[in-house]
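The data block below is start01.tsv; it holds TSV, C-alpha atoms and all ligand atoms.
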```tsv
chain	number	residue	atom	x	y	z
C	1	MET	CA	-25.74	-9.78	-0.27
C	2	LYS	CA	-27.08	-7.14	-2.69
C	3	LEU	CA	-26.64	-3.63	-1.31
C	4	ILE	CA	-27.06	-0.02	-2.34
C	5	PHE	CA	-24.90	2.73	-0.77
C	6	LEU	CA	-26.93	5.95	-0.75
C	7	GLY	CA	-25.76	9.35	0.42
C	8	PRO	CA	-24.57	12.81	-0.57
C	9	PRO	CA	-21.39	13.34	-2.60
C	10	GLY	CA	-18.33	12.92	-0.41
C	11	ALA	CA	-20.20	11.07	2.35
C	12	GLY	CA	-17.58	8.31	2.23
C	13	LYS	CA	-19.58	5.77	0.20
C	14	GLY	CA	-16.66	4.77	-2.01
C	15	THR	CA	-14.23	4.55	0.92
C	16	LEU	CA	-16.52	2.26	2.92
C	17	ALA	CA	-17.53	0.29	-0.19
C	18	VAL	CA	-13.92	-0.87	-0.69
C	19	LYS	CA	-13.77	-2.18	2.90
C	20	ALA	CA	-17.31	-3.59	2.91
C	21	ALA	CA	-16.68	-5.44	-0.35
C	22	GLU	CA	-13.66	-7.15	1.25
C	23	ILE	CA	-15.63	-8.05	4.39
C	24	LEU	CA	-18.63	-9.44	2.49
C	25	LYS	CA	-16.56	-10.89	-0.40
C	26	ILE	CA	-18.67	-9.18	-3.02
C	27	LEU	CA	-17.88	-6.59	-5.70
C	28	GLN	CA	-18.24	-2.81	-5.49
C	29	ILE	CA	-19.85	-1.32	-8.58
C	30	SER	CA	-19.33	2.43	-8.75
C	31	THR	CA	-21.09	4.14	-11.63
C	32	GLY	CA	-18.92	7.22	-11.03
C	33	SER	CA	-15.75	5.12	-11.42
C	34	ILE	CA	-17.07	3.44	-14.58
C	35	PHE	CA	-17.83	6.87	-16.07
C	36	ARG	CA	-14.40	8.23	-15.01
C	37	SER	CA	-12.65	5.25	-16.68
C	38	ALA	CA	-14.63	5.88	-19.85
C	39	VAL	CA	-13.51	9.54	-19.78
C	40	ALA	CA	-9.88	8.51	-19.23
C	41	ASP	CA	-10.09	6.06	-22.17
C	42	GLY	CA	-11.66	8.70	-24.42
C	43	SER	CA	-14.40	6.21	-25.38
C	44	PRO	CA	-17.71	7.39	-26.94
C	45	LEU	CA	-19.33	7.04	-23.50
C	46	GLY	CA	-16.52	9.08	-21.93
C	47	LEU	CA	-16.83	11.85	-24.53
C	48	LYS	CA	-20.58	11.96	-23.89
C	49	VAL	CA	-20.36	12.21	-20.08
C	50	LYS	CA	-17.22	14.28	-19.43
C	51	GLY	CA	-18.82	17.73	-19.55
C	52	ILE	CA	-21.83	16.56	-17.53
C	53	MET	CA	-19.64	15.12	-14.77
C	54	ASP	CA	-17.25	18.08	-14.64
C	55	ALA	CA	-20.25	20.38	-14.12
C	56	GLY	CA	-21.54	18.22	-11.24
C	57	LYS	CA	-24.73	17.21	-13.07
C	58	LEU	CA	-26.19	13.73	-13.50
C	59	VAL	CA	-25.71	11.60	-16.59
C	60	ASP	CA	-29.11	10.86	-18.19
C	61	ASP	CA	-31.13	7.98	-16.73
C	62	GLU	CA	-31.29	5.97	-19.96
C	63	THR	CA	-27.50	5.78	-20.37
C	64	THR	CA	-26.90	5.05	-16.68
C	65	ILE	CA	-29.62	2.40	-16.36
C	66	GLU	CA	-28.37	0.55	-19.46
C	67	LEU	CA	-24.81	0.57	-18.10
C	68	VAL	CA	-25.91	-0.95	-14.77
C	69	ARG	CA	-28.31	-3.41	-16.40
C	70	GLU	CA	-25.43	-4.80	-18.50
C	71	ARG	CA	-23.04	-4.86	-15.54
C	72	LEU	CA	-25.46	-6.72	-13.26
C	73	ALA	CA	-26.06	-9.38	-15.93
C	74	LYS	CA	-22.45	-10.62	-15.52
C	75	ASP	CA	-21.65	-13.81	-13.58
C	76	ASP	CA	-19.36	-12.20	-11.00
C	77	VAL	CA	-22.21	-10.29	-9.29
C	78	GLN	CA	-24.90	-12.95	-9.15
C	79	LYS	CA	-24.20	-13.67	-5.45
C	80	GLY	CA	-23.94	-10.05	-4.41
C	81	TYR	CA	-22.72	-6.51	-5.02
C	82	ILE	CA	-22.49	-3.05	-3.58
C	83	LEU	CA	-24.01	-0.42	-5.86
C	84	ASP	CA	-22.05	2.73	-5.02
C	85	GLY	CA	-23.68	5.77	-6.63
C	86	PHE	CA	-26.66	4.04	-8.26
C	87	PRO	CA	-29.59	4.61	-8.20
C	88	ARG	CA	-29.49	8.40	-8.02
C	89	THR	CA	-33.06	9.14	-9.21
C	90	ILE	CA	-36.49	7.56	-8.69
C	91	PRO	CA	-36.63	6.34	-12.34
C	92	GLN	CA	-33.24	4.62	-11.83
C	93	ALA	CA	-34.56	2.91	-8.67
C	94	GLN	CA	-37.70	1.75	-10.47
C	95	ALA	CA	-35.67	0.41	-13.40
C	96	LEU	CA	-33.32	-1.47	-11.05
C	97	GLU	CA	-36.30	-3.36	-9.61
C	98	SER	CA	-36.98	-4.79	-13.07
C	99	PHE	CA	-33.58	-6.50	-13.31
C	100	SER	CA	-32.26	-7.11	-9.77
C	101	LYS	CA	-33.56	-7.52	-6.22
C	102	VAL	CA	-31.71	-5.40	-3.69
C	103	GLU	CA	-31.74	-6.59	-0.07
C	104	LYS	CA	-30.67	-3.49	1.88
C	105	VAL	CA	-29.99	0.20	1.26
C	106	ILE	CA	-27.34	1.82	3.46
C	107	ASN	CA	-28.06	5.52	3.93
C	108	PHE	CA	-24.99	7.62	4.87
C	109	ASP	CA	-26.10	10.27	7.33
C	110	ILE	CA	-23.72	13.27	7.31
C	111	PRO	CA	-24.28	17.06	7.43
C	112	ASP	CA	-23.18	19.38	4.60
C	113	SER	CA	-20.24	20.63	6.71
C	114	GLY	CA	-18.81	17.07	6.78
C	115	VAL	CA	-19.31	16.68	3.04
C	116	LEU	CA	-17.52	19.95	2.28
C	117	GLU	CA	-14.58	19.00	4.51
C	118	ARG	CA	-14.22	15.61	2.81
C	119	LEU	CA	-14.64	16.75	-0.80
C	120	GLY	CA	-12.47	19.83	-0.27
C	121	GLY	CA	-9.53	17.60	0.72
C	122	ARG	CA	-10.10	14.57	-1.51
C	123	ARG	CA	-7.17	13.40	-3.63
C	124	VAL	CA	-7.57	10.47	-6.02
C	125	CYS	CA	-5.14	8.14	-7.77
C	126	ARG	CA	-5.50	8.54	-11.53
C	127	MET	CA	-4.47	4.91	-12.09
C	128	CYS	CA	-6.17	2.76	-9.42
C	129	GLY	CA	-8.83	5.23	-8.18
C	130	TYR	CA	-7.80	4.98	-4.50
C	131	ASN	CA	-9.21	7.85	-2.41
C	132	PHE	CA	-6.80	9.87	-0.27
C	133	HIS	CA	-7.49	13.01	1.76
C	134	ALA	CA	-5.19	16.01	2.19
C	135	VAL	CA	-5.68	15.90	5.99
C	136	PHE	CA	-7.26	12.59	7.07
C	137	ASN	CA	-5.45	10.14	4.78
C	138	LYS	CA	-2.40	11.58	2.99
C	139	PRO	CA	-0.29	9.54	0.59
C	140	ALA	CA	3.15	8.82	2.10
C	141	LYS	CA	4.79	10.72	-0.76
C	142	GLU	CA	2.97	13.87	-1.91
C	143	GLY	CA	1.25	13.37	-5.27
C	144	ILE	CA	2.12	9.64	-5.57
C	145	CYS	CA	-0.25	6.75	-4.85
C	146	ASP	CA	0.91	4.41	-2.04
C	147	HIS	CA	-0.76	1.45	-3.73
C	148	CYS	CA	0.25	1.62	-7.40
C	149	GLY	CA	2.60	4.60	-7.78
C	150	GLY	CA	0.07	6.46	-9.95
C	151	GLU	CA	-0.40	10.23	-10.00
C	152	VAL	CA	-2.64	11.58	-7.22
C	153	TYR	CA	-4.88	14.42	-8.46
C	154	ILE	CA	-7.93	16.55	-7.58
C	155	ARG	CA	-11.11	15.45	-9.38
C	156	GLU	CA	-12.55	18.07	-11.75
C	157	ASP	CA	-15.91	17.82	-9.95
C	158	ASP	CA	-14.27	18.52	-6.55
C	159	LYS	CA	-13.82	22.18	-7.52
C	160	PRO	CA	-16.05	24.52	-5.44
C	161	GLU	CA	-18.69	25.35	-8.12
C	162	ALA	CA	-19.14	21.68	-9.04
C	163	ILE	CA	-19.41	20.66	-5.36
C	164	GLN	CA	-22.27	23.16	-4.86
C	165	LYS	CA	-24.02	21.84	-7.97
C	166	ARG	CA	-23.62	18.22	-6.83
C	167	LEU	CA	-25.12	19.02	-3.43
C	168	GLU	CA	-28.07	20.76	-5.10
C	169	VAL	CA	-28.57	17.79	-7.46
C	170	TYR	CA	-28.37	15.42	-4.50
C	171	ARG	CA	-31.07	17.33	-2.57
C	172	THR	CA	-33.50	17.56	-5.47
C	173	GLN	CA	-32.99	14.26	-7.31
C	174	THR	CA	-31.35	11.73	-4.99
C	175	ALA	CA	-32.51	12.51	-1.43
C	176	PRO	CA	-36.14	11.49	-2.30
C	177	LEU	CA	-34.78	7.92	-2.52
C	178	ILE	CA	-34.38	7.91	1.28
C	179	ASP	CA	-38.16	7.91	1.81
C	180	TYR	CA	-38.66	5.69	-1.24
C	181	TYR	CA	-36.55	2.91	0.29
C	182	ARG	CA	-37.69	3.58	3.88
C	183	GLU	CA	-41.28	2.95	2.78
C	184	LYS	CA	-40.17	-0.35	1.24
C	185	GLY	CA	-38.56	-1.36	4.57
C	186	LEU	CA	-35.09	-1.63	2.99
C	187	LEU	CA	-33.34	1.42	4.50
C	188	LEU	CA	-30.62	1.22	7.17
C	189	ASP	CA	-29.24	4.58	8.38
C	190	ILE	CA	-25.61	4.75	9.43
C	191	ASP	CA	-23.84	7.63	11.12
C	192	ALA	CA	-21.20	8.59	8.52
C	193	LYS	CA	-19.57	11.38	10.54
C	194	PRO	CA	-16.86	9.43	12.43
C	195	MET	CA	-13.52	8.26	11.07
C	196	VAL	CA	-13.46	5.27	8.73
C	197	ASP	CA	-12.74	2.51	11.29
C	198	GLN	CA	-15.79	3.53	13.33
C	199	ILE	CA	-17.95	3.67	10.21
C	200	VAL	CA	-16.96	0.07	9.41
C	201	ILE	CA	-18.22	-0.87	12.90
C	202	ASN	CA	-21.44	1.14	12.37
C	203	PHE	CA	-21.94	-0.65	9.04
C	204	LYS	CA	-21.46	-4.12	10.54
C	205	ASN	CA	-23.81	-3.28	13.41
C	206	ALA	CA	-26.46	-2.02	10.99
C	207	LEU	CA	-26.32	-5.29	9.03
C	208	GLY	CA	-26.01	-7.41	12.19
C	209	ILE	CA	-22.82	-9.15	10.97
F	1	LIG	P1	-19.62	9.54	-8.01
F	1	LIG	O1	-18.23	9.16	-8.24
F	1	LIG	O2	-20.60	8.50	-7.60
F	1	LIG	O3	-19.63	10.76	-7.00
F	1	LIG	P2	-20.46	11.05	-5.66
F	1	LIG	O4	-21.69	10.30	-5.36
F	1	LIG	O5	-20.59	12.49	-5.73
F	1	LIG	O6	-19.61	10.43	-4.62
F	1	LIG	P3	-18.18	10.74	-4.34
F	1	LIG	O7	-17.29	9.79	-5.09
F	1	LIG	O8	-17.91	12.21	-4.56
F	1	LIG	O9	-18.09	10.55	-2.75
F	1	LIG	P4	-18.11	9.29	-1.82
F	1	LIG	O10	-19.34	9.30	-1.00
F	1	LIG	O11	-17.79	8.03	-2.56
F	1	LIG	O12	-16.92	9.70	-0.85
F	1	LIG	P5	-15.42	9.17	-0.80
F	1	LIG	O13	-15.40	7.79	-0.23
F	1	LIG	O14	-14.71	9.41	-2.09
F	1	LIG	O15	-20.25	10.24	-9.31
F	1	LIG	C1	-19.51	11.21	-10.03
F	1	LIG	C2	-20.37	11.70	-11.18
F	1	LIG	O16	-20.70	10.61	-12.08
F	1	LIG	C3	-21.74	12.28	-10.80
F	1	LIG	O17	-21.67	13.63	-10.39
F	1	LIG	C4	-22.52	12.10	-12.12
F	1	LIG	O18	-22.16	13.05	-13.07
F	1	LIG	C5	-22.02	10.74	-12.59
F	1	LIG	N1	-22.85	9.64	-12.06
F	1	LIG	C6	-22.44	8.64	-11.23
F	1	LIG	N2	-23.46	7.82	-10.94
F	1	LIG	C7	-24.55	8.31	-11.58
F	1	LIG	C8	-25.91	7.92	-11.65
F	1	LIG	N3	-26.36	6.84	-10.97
F	1	LIG	N4	-26.76	8.67	-12.39
F	1	LIG	C9	-26.32	9.74	-13.08
F	1	LIG	N5	-25.05	10.19	-13.04
F	1	LIG	C10	-24.16	9.47	-12.31
F	1	LIG	O19	-14.82	10.15	0.34
F	1	LIG	C11	-14.62	11.53	0.08
F	1	LIG	C12	-13.31	11.99	0.76
F	1	LIG	O20	-13.44	11.87	2.17
F	1	LIG	C13	-12.06	11.16	0.40
F	1	LIG	O21	-10.97	12.04	0.36
F	1	LIG	C14	-11.91	10.17	1.55
F	1	LIG	O22	-10.55	9.82	1.77
F	1	LIG	C15	-12.46	10.99	2.72
F	1	LIG	N6	-13.18	10.17	3.69
F	1	LIG	C16	-14.08	9.19	3.41
F	1	LIG	N7	-14.59	8.69	4.55
F	1	LIG	C17	-14.00	9.40	5.57
F	1	LIG	C18	-14.11	9.37	6.98
F	1	LIG	N8	-14.94	8.52	7.59
F	1	LIG	N9	-13.40	10.26	7.72
F	1	LIG	C19	-12.56	11.14	7.11
F	1	LIG	N10	-12.41	11.20	5.77
F	1	LIG	C20	-13.11	10.36	5.01
```

Would you mind giving the structure from this file in structure tokens?
Ligand code: AP5
Amino acid sequence: MKLIFLGPPGAGKGTLAVKAAEILKILQISTGSIFRSAVADGSPLGLKVKGIMDAGKLVDDETTIELVRERLAKDDVQKGYILDGFPRTIPQAQALESFSKVEKVINFDIPDSGVLERLGGRRVCRMCGYNFHAVFNKPAKEGICDHCGGEVYIREDDKPEAIQKRLEVYRTQTAPLIDYYREKGLLLDIDAKPMVDQIVINFKNALGI
């Protein structure tokens, strides 16, 4: 199955994508994670995108589209994938249509108050990228990842000014994709407010699996 996860920053897309990928036996492709790895490696791509990401802005369409085009050409995603964080603009959605055929778009429905609560408490493993939360999902040992022992840190773009910028960018550039995909008959809305186990149920119900 070829899916897009669409929703505001901090809606829980990445958290559900990990579980959904296991259920459907397909890969999660997170453009945000790919960019963060590039930053951590200090590669030319990482040097180019670091400042943009830290400020909560979007990386340019050309760079992002090329990255996804190359990733979706690989053998391991020919049967299916979850695109987590792409497309984020109408030009990205139009470009995607030229190289892959998405079957469904899952739209995460959550108010700003829920987003702020989730992003304000997010903690991330620097090594494996696992998402924790300071209240809802704490690591057993403060600051240490339960899964790989890596350092758990606060993302640069989870600081208050960057969160506000990301929400503004979402409203102006990404939210128009909701109507774009609804008009194509691809959109499935899920209630993203409950805790994770319930969201997994909502997701399965939406897909009828
Ligand atoms: P990206 O990493 O994609 O950031 P995002 O879309 O802002 O999404 P987040 O990772 O912040 O949130 P999420 O919805 O995955 O929530 P999560 O599961 O972590 O992108 C980062 C940057 O990269 C962008 O700003 C941009 O610069 C660049 N970029 C990426 N893609 C791009 C593109 N296509 N074009 C241009 N630029 C691009 O959950 C959040 C927290 O809540 C966690 O702590 C989690 O534990 C907790 N949580 C999750 N679900 C629940 C729940 N149900 N109940 C309680 N807590 C929960």

Next item on the list: Can you pull out every residue within 10 Å of C:Ser30, counting only C-alpha atoms, but drop anything in the same chain fewer than 5 positions away, and send it as number ranges by chain?
Entry: C: 5, 13-14, 17, 35-36, 68, 82-86

What's the 10 Å shell around C:Ala38, counting all atoms listed in the file, without same-chain residues fewer than 4 positions away, as a CSV table (one decimal) with C-alpha atoms, keeping the file's coordinate frame?
```csv
chain,number,residue,atom,x,y,z
C,32,GLY,CA,-18.9,7.2,-11.0
C,33,SER,CA,-15.8,5.1,-11.4
C,34,ILE,CA,-17.1,3.4,-14.6
C,42,GLY,CA,-11.7,8.7,-24.4
C,43,SER,CA,-14.4,6.2,-25.4
C,44,PRO,CA,-17.7,7.4,-26.9
C,45,LEU,CA,-19.3,7.0,-23.5
C,46,GLY,CA,-16.5,9.1,-21.9
C,47,LEU,CA,-16.8,11.8,-24.5
C,48,LYS,CA,-20.6,12.0,-23.9
C,49,VAL,CA,-20.4,12.2,-20.1
C,50,LYS,CA,-17.2,14.3,-19.4
```

Note to self: From the options C:Gly185, C:Gly80, C:Gly51, C:Pro111, which residue's atoms come nearest to C:Lys2, counting only C-alpha atoms?
What the structure shows: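 Looking only at the distances to C:Lys2, the closest residue turns out to be C:Gly80.
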
How close does each residue of chain C get to ligand LIG 1 (chain F), giving the shortest atom pair and distance in Å to one decimal for every residue with an atom at most 7 Å away, counting all atoms listed in the file, sorted by chain and residue number, as CSV?
```
residue,atom,partner,partner_atom,distance
C:Gly7,CA,F:LIG1,O10,6.6
C:Pro8,CA,F:LIG1,O4,6.1
C:Pro9,CA,F:LIG1,O5,3.3
C:Gly10,CA,F:LIG1,O9,3.3
C:Ala11,CA,F:LIG1,O10,3.9
C:Gly12,CA,F:LIG1,O13,3.3
C:Lys13,CA,F:LIG1,O10,3.7
C:Gly14,CA,F:LIG1,O11,3.5
C:Thr15,CA,F:LIG1,O13,3.6
C:Leu16,CA,F:LIG1,O13,6.5
C:Ser30,CA,F:LIG1,O2,6.3
C:Thr31,CA,F:LIG1,N2,4.4
C:Gly32,CA,F:LIG1,O1,3.5
C:Ser33,CA,F:LIG1,O1,5.7
C:Phe35,CA,F:LIG1,O16,6.2
C:Ile52,CA,F:LIG1,O18,5.7
C:Met53,CA,F:LIG1,O18,3.7
C:Gly56,CA,F:LIG1,O17,4.7
C:Lys57,CA,F:LIG1,O18,4.9
C:Leu58,CA,F:LIG1,N5,3.7
C:Val59,CA,F:LIG1,N5,3.9
C:Asp60,CA,F:LIG1,C9,5.9
C:Asp61,CA,F:LIG1,N4,6.2
C:Thr64,CA,F:LIG1,N4,5.6
C:Asp84,CA,F:LIG1,O2,6.5
C:Gly85,CA,F:LIG1,O2,4.2
C:Phe86,CA,F:LIG1,N3,3.9
C:Pro87,CA,F:LIG1,N3,4.8
C:Arg88,CA,F:LIG1,N3,4.6
C:Arg118,CA,F:LIG1,O20,3.9
C:Leu119,CA,F:LIG1,C12,5.2
C:Gly121,CA,F:LIG1,O21,5.8
C:Arg122,CA,F:LIG1,O21,3.3
C:Arg123,CA,F:LIG1,O21,5.7
C:Asn131,CA,F:LIG1,O22,4.8
C:Phe132,CA,F:LIG1,O22,4.3
C:His133,CA,F:LIG1,O21,3.9
C:Phe136,CA,F:LIG1,N10,5.5
C:Asn137,CA,F:LIG1,O22,5.9
C:Arg166,CA,F:LIG1,O17,6.1
C:Ala192,CA,F:LIG1,N8,6.3
C:Lys193,CA,F:LIG1,N8,6.2
C:Pro194,CA,F:LIG1,N8,5.3
C:Met195,CA,F:LIG1,N8,3.8
C:Val196,CA,F:LIG1,N8,3.7
C:Ile199,CA,F:LIG1,N8,6.3
```

Next item on the list: Just give me the residues with any atom within 10 Å of (-6.2, 6.6, -2.8), file coordinates, counting all atoms listed in the file, written as a list of chain:residue names.
Entry: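 The residues near that point, listed by chain and number, are C:Thr15, C:Arg122, C:Arg123, C:Val124, C:Cys125, C:Arg126, C:Met127, C:Cys128, C:Gly129, C:Tyr130, C:Asn131, C:Phe132, C:His133, C:Asn137, C:Lys138, C:Pro139, C:Ile144, C:Cys145, C:Asp146, C:His147, C:Cys148, C:Gly150, C:Glu151, C:Val152, C:Tyr153.
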
Margin query: Nearest residue to C:Arg69 out of C:Ile106, C:Ile90, C:Leu96, C:Leu6, using all atoms listed in the file?
Written below: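 Looking only at the distances to C:Arg69, the closest residue turns out to be C:Leu96.
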
Quick one: what's the axis-aligned box for stretch 1-20 of chain C, all listed atoms, 3 Å on every side, centre and edges in Å to one decimal, as AutoDock Vina command-line options?
```
--center_x -20.4 --center_y 1.8 --center_z 0.1 --size_x 19.3 --size_y 29.1 --size_z 11.6
```

Item checked: atom CA of C:Phe99 to atom CA of C:Glu70, straight-line distance in Å ->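 Interatomic distance, atom CA of C:Glu70 to atom CA of C:Phe99: 9.8 Å.
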
Notebook entry, point to check: How many Å lie between atom CA of C:Asp197 and atom CA of C:Ile110, rounded to one decimal?
Noted result: 15.9 Å

Check: atom CA of C:Lys104 to atom CA of C:Leu186: how many Å, to one decimal?
Finding: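 So the two atoms, atom CA of C:Lys104 and atom CA of C:Leu186, lie 4.9 Å apart.
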
Checklist line | Counting only C-alpha atoms, the residue of C:Glu103, C:Glu117, C:Glu97, C:Glu66 that sits nearest C:Pro160 | finding: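 Residue with the minimum atom-to-atom distance to C:Pro160: C:Glu117.
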
Next item on the list: Name the closest residue to C:Asp75 among the candidates C:Ala140, C:Leu27, C:Val102, C:Ala55; distances are taken between atoms, counting only C-alpha atoms.
Entry: C:Leu27

Next item on the list: Scan for residues within 12 Å of the point (-14.4, -7.6, 1.8) in the coordinates of the file, using all atoms listed in the file, and reply as a list of chain:residue names.
Entry: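 Within 12 Å of (-14.4, -7.6, 1.8), the protein and nucleic acid residues are C:Met1, C:Leu16, C:Ala17, C:Val18, C:Lys19, C:Ala20, C:Ala21, C:Glu22, C:Ile23, C:Leu24, C:Lys25, C:Ile26, C:Leu27, C:Gln28, C:Gly80, C:Tyr81, C:Ile82, C:Val200, C:Lys204.
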
Any chance you could export the current selection's C-alpha atoms as a PDB file, keeping the file's coordinate frame?
```
ATOM      1  CA  MET C   1     -25.740  -9.780  -0.270  1.00  0.00           C
ATOM      2  CA  LEU C  16     -16.520   2.260   2.920  1.00  0.00           C
ATOM      3  CA  ALA C  17     -17.530   0.290  -0.190  1.00  0.00           C
ATOM      4  CA  VAL C  18     -13.920  -0.870  -0.690  1.00  0.00           C
ATOM      5  CA  LYS C  19     -13.770  -2.180   2.900  1.00  0.00           C
ATOM      6  CA  ALA C  20     -17.310  -3.590   2.910  1.00  0.00           C
ATOM      7  CA  ALA C  21     -16.680  -5.440  -0.350  1.00  0.00           C
ATOM      8  CA  GLU C  22     -13.660  -7.150   1.250  1.00  0.00           C
ATOM      9  CA  ILE C  23     -15.630  -8.050   4.390  1.00  0.00           C
ATOM     10  CA  LEU C  24     -18.630  -9.440   2.490  1.00  0.00           C
ATOM     11  CA  LYS C  25     -16.560 -10.890  -0.400  1.00  0.00           C
ATOM     12  CA  ILE C  26     -18.670  -9.180  -3.020  1.00  0.00           C
ATOM     13  CA  LEU C  27     -17.880  -6.590  -5.700  1.00  0.00           C
ATOM     14  CA  GLN C  28     -18.240  -2.810  -5.490  1.00  0.00           C
ATOM     15  CA  GLY C  80     -23.940 -10.050  -4.410  1.00  0.00           C
ATOM     16  CA  TYR C  81     -22.720  -6.510  -5.020  1.00  0.00           C
ATOM     17  CA  ILE C  82     -22.490  -3.050  -3.580  1.00  0.00           C
ATOM     18  CA  VAL C 200     -16.960   0.070   9.410  1.00  0.00           C
ATOM     19  CA  LYS C 204     -21.460  -4.120  10.540  1.00  0.00           C
TER      20      LYS C 204
END
```
